[in-house]
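**Student:** Structure file upload.cif, mmCIF, C-alpha atoms and all ligand atoms, is pasted below:
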```cif
data_coords
loop_
_atom_site.label_atom_id
_atom_site.label_comp_id
_atom_site.auth_asym_id
_atom_site.auth_seq_id
_atom_site.Cartn_x
_atom_site.Cartn_y
_atom_site.Cartn_z
CA MET V 1 190.34 89.74 113.20
CA ASP V 2 191.99 91.44 110.30
CA GLU V 3 189.78 93.20 107.88
CA THR V 4 191.01 93.30 104.34
CA GLN V 5 189.86 96.47 102.70
CA PRO V 6 189.09 96.40 98.99
CA LEU V 7 191.26 98.59 96.79
CA PHE V 8 188.28 100.38 95.38
CA THR V 9 185.03 101.36 96.93
CA PRO V 10 182.36 99.05 95.57
CA GLU V 11 180.20 102.05 94.80
CA ALA V 12 182.46 103.35 92.03
CA PRO V 13 184.84 100.85 90.48
CA PRO V 14 186.92 102.03 87.51
CA CYS V 15 185.82 101.06 84.03
CA ARG V 16 187.70 98.11 82.57
CA GLU V 17 186.82 99.13 79.05
CA CYS V 18 188.16 102.65 78.81
CA SER V 19 189.97 102.85 82.16
CA ALA V 20 189.11 106.54 82.24
CA GLY V 21 185.52 106.37 83.40
CA VAL V 22 183.94 105.19 86.57
CA MET V 23 181.20 102.63 86.81
CA HIS V 24 178.01 103.82 88.43
CA LEU V 25 175.25 101.58 89.67
CA ARG V 26 172.04 102.42 87.89
CA HIS V 27 168.71 100.73 87.71
CA ILE V 28 167.62 100.22 84.15
CA THR V 29 164.96 98.27 82.36
CA TYR V 30 166.59 95.08 81.18
CA PHE V 31 165.29 93.48 78.01
CA THR V 32 165.88 89.89 77.07
CA TRP V 33 164.24 87.35 74.82
CA LEU V 34 162.90 84.09 76.14
CA GLY V 35 162.08 82.16 73.01
CA GLU V 36 159.67 84.44 71.19
CA GLU V 37 158.69 86.25 74.33
CA LEU V 38 160.17 89.62 75.17
CA ILE V 39 160.95 89.84 78.84
CA THR V 40 161.31 93.21 80.47
CA VAL V 41 162.79 93.53 83.90
CA PRO V 42 162.27 96.92 85.53
CA ASN V 43 164.75 98.29 88.04
CA PHE V 44 167.47 95.91 86.98
CA PRO V 45 170.83 96.84 88.54
CA ALA V 46 173.54 97.62 86.02
CA TRP V 47 176.97 99.18 86.28
CA ILE V 48 177.31 101.84 83.62
CA CYS V 49 180.49 103.73 82.73
CA ASP V 50 180.10 107.46 82.77
CA MET V 51 182.69 107.81 79.99
CA CYS V 52 182.10 105.11 77.39
CA GLY V 53 178.73 103.83 78.50
CA LYS V 54 179.84 100.24 78.97
CA ARG V 55 177.35 98.17 80.91
CA ASP V 56 178.14 95.48 83.40
CA TYR V 57 175.39 93.60 85.08
CA ASP V 58 175.33 92.52 88.66
CA GLU V 59 176.25 88.84 88.86
CA ARG V 60 173.67 88.11 91.51
CA ALA V 61 171.00 89.80 89.46
CA ILE V 62 171.94 87.85 86.34
CA SER V 63 171.92 84.53 88.17
CA TRP V 64 168.61 85.44 89.75
CA LEU V 65 167.16 86.29 86.39
CA THR V 66 168.54 83.15 84.77
CA MET V 67 167.03 81.03 87.50
CA LEU V 68 163.74 82.85 87.23
CA LEU V 69 163.54 82.49 83.47
CA SER V 70 164.71 78.91 83.30
CA PRO V 71 161.67 76.84 82.29
CA THR V 72 162.93 73.88 84.27
CA ALA V 73 164.11 75.72 87.35
CA GLY V 74 163.28 73.75 90.44
CA GLU V 75 161.24 71.23 88.49
CA PRO V 76 161.97 67.79 87.13
CA THR V 77 162.64 67.60 83.42
CA ARG V 78 159.46 67.44 81.46
CA ARG V 79 158.07 68.30 78.11
CA ILE V 80 157.75 72.04 77.75
CA LYS V 81 154.48 73.24 76.38
CA ARG V 82 154.55 76.26 74.18
CA ALA V 83 152.43 78.85 75.85
CA PRO V 84 149.62 80.22 73.72
CA ARG V 85 149.79 83.82 72.76
CA THR V 86 148.01 86.11 75.12
CA ASP V 87 146.88 89.68 74.91
CA SER V 88 149.97 90.88 76.69
CA PRO V 89 153.25 89.57 75.28
CA LYS V 90 155.17 91.00 78.18
CA ARG V 91 155.66 89.10 81.36
CA ASN V 92 155.98 91.15 84.47
CA ILE V 93 158.92 90.21 86.61
CA PRO V 94 158.74 91.00 90.30
CA HIS V 95 161.32 93.34 91.69
CA LEU V 96 164.69 91.93 92.47
CA PRO V 97 165.08 90.47 95.94
CA LEU V 98 168.32 92.33 96.31
CA ASP V 99 169.41 95.15 98.50
ZN ZN V 101 184.33 103.22 80.25
#
```
For the file at hand, write its structure as structure tokens.
**Tutor:**
Amino acid sequence: MDETQPLFTPEAPPCRECSAGVMHLRHITYFTWLGEELITVPNFPAWICDMCGKRDYDERAISWLTMLLSPTAGEPTRRIKRAPRTDSPKRNIPHLPLD
């Protein structure tokens, strides 16, 4: 079987923003809002340019996060109750099931 090699090594693709830098895979803490709740996701994979600092997020990680945060994921449509405020406004997200 033929193996088609990618033009660039997946470890260091060139930056599309400045075309001078190289994207590096880093694990950052990703912040996002879910309604009024601040969600923090530790060790979130992000591609960051070493020249301009542009961030690109891993598609699999984003889709995983979207699925995880979707209030109706895997459930039939129903009325969503607003969760009462608790002592800790942060919700801990388990580590990504990625490589
Ligand atoms: Zn760049």
**Student:** Which of these, V:Leu34, V:Ala46, V:Lys54, V:Arg60, has the shortest distance to V:Arg16 once you count only C-alpha atoms?
**Tutor:**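 Residue with the minimum atom-to-atom distance to V:Arg16: V:Lys54.
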**Student:** May I have a table of the residues of chain V lying at most 10 Å from ligand ZN 101 (chain V), giving each one's closest pair of atoms and their distance in Å to one decimal, counting only C-alpha atoms and all ligand atoms, ordered by chain and ascending residue number, as a Markdown table?
**Tutor:**
```
| residue | atom | partner | partner_atom | distance |
| --- | --- | --- | --- | --- |
| V:Pro14 | CA | V:ZN101 | ZN | 7.8 |
| V:Cys15 | CA | V:ZN101 | ZN | 4.6 |
| V:Arg16 | CA | V:ZN101 | ZN | 6.5 |
| V:Glu17 | CA | V:ZN101 | ZN | 4.9 |
| V:Cys18 | CA | V:ZN101 | ZN | 4.1 |
| V:Ser19 | CA | V:ZN101 | ZN | 6.0 |
| V:Ala20 | CA | V:ZN101 | ZN | 6.2 |
| V:Gly21 | CA | V:ZN101 | ZN | 4.6 |
| V:Val22 | CA | V:ZN101 | ZN | 6.6 |
| V:Met23 | CA | V:ZN101 | ZN | 7.3 |
| V:Ile48 | CA | V:ZN101 | ZN | 7.9 |
| V:Cys49 | CA | V:ZN101 | ZN | 4.6 |
| V:Asp50 | CA | V:ZN101 | ZN | 6.5 |
| V:Met51 | CA | V:ZN101 | ZN | 4.9 |
| V:Cys52 | CA | V:ZN101 | ZN | 4.1 |
| V:Gly53 | CA | V:ZN101 | ZN | 5.9 |
| V:Lys54 | CA | V:ZN101 | ZN | 5.5 |
| V:Arg55 | CA | V:ZN101 | ZN | 8.6 |
```
**Student:** For a test of reading the model, state the distance in Å between atom CA of V:Trp47 and atom CA of V:Gly35, rounded to one decimal.
**Tutor:** 26.2 Å
**Student:** What separation in Å, quoted to one decimal, exists between atom CA of V:Leu96 and atom CA of V:Pro13?
**Tutor:**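 Distance reported for this atom pair: 22.1 Å.
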**Student:** Any idea what the distance is between atom CA of V:Asp58 and atom CA of V:Phe44?
**Tutor:** 8.7 Å
**Student:** Using all atoms listed in the file, can you list as a ChimeraX atom specification the residues within 8 Å of (162.3, 94.8, 85.6)?
**Tutor:** /V:28-30,40-44,92-96
**Student:** Taking all atoms listed in the file into account, which of V:Leu25, V:Leu69, V:Ala12, V:Ala61 comes nearest V:Leu38?
**Tutor:** V:Leu69
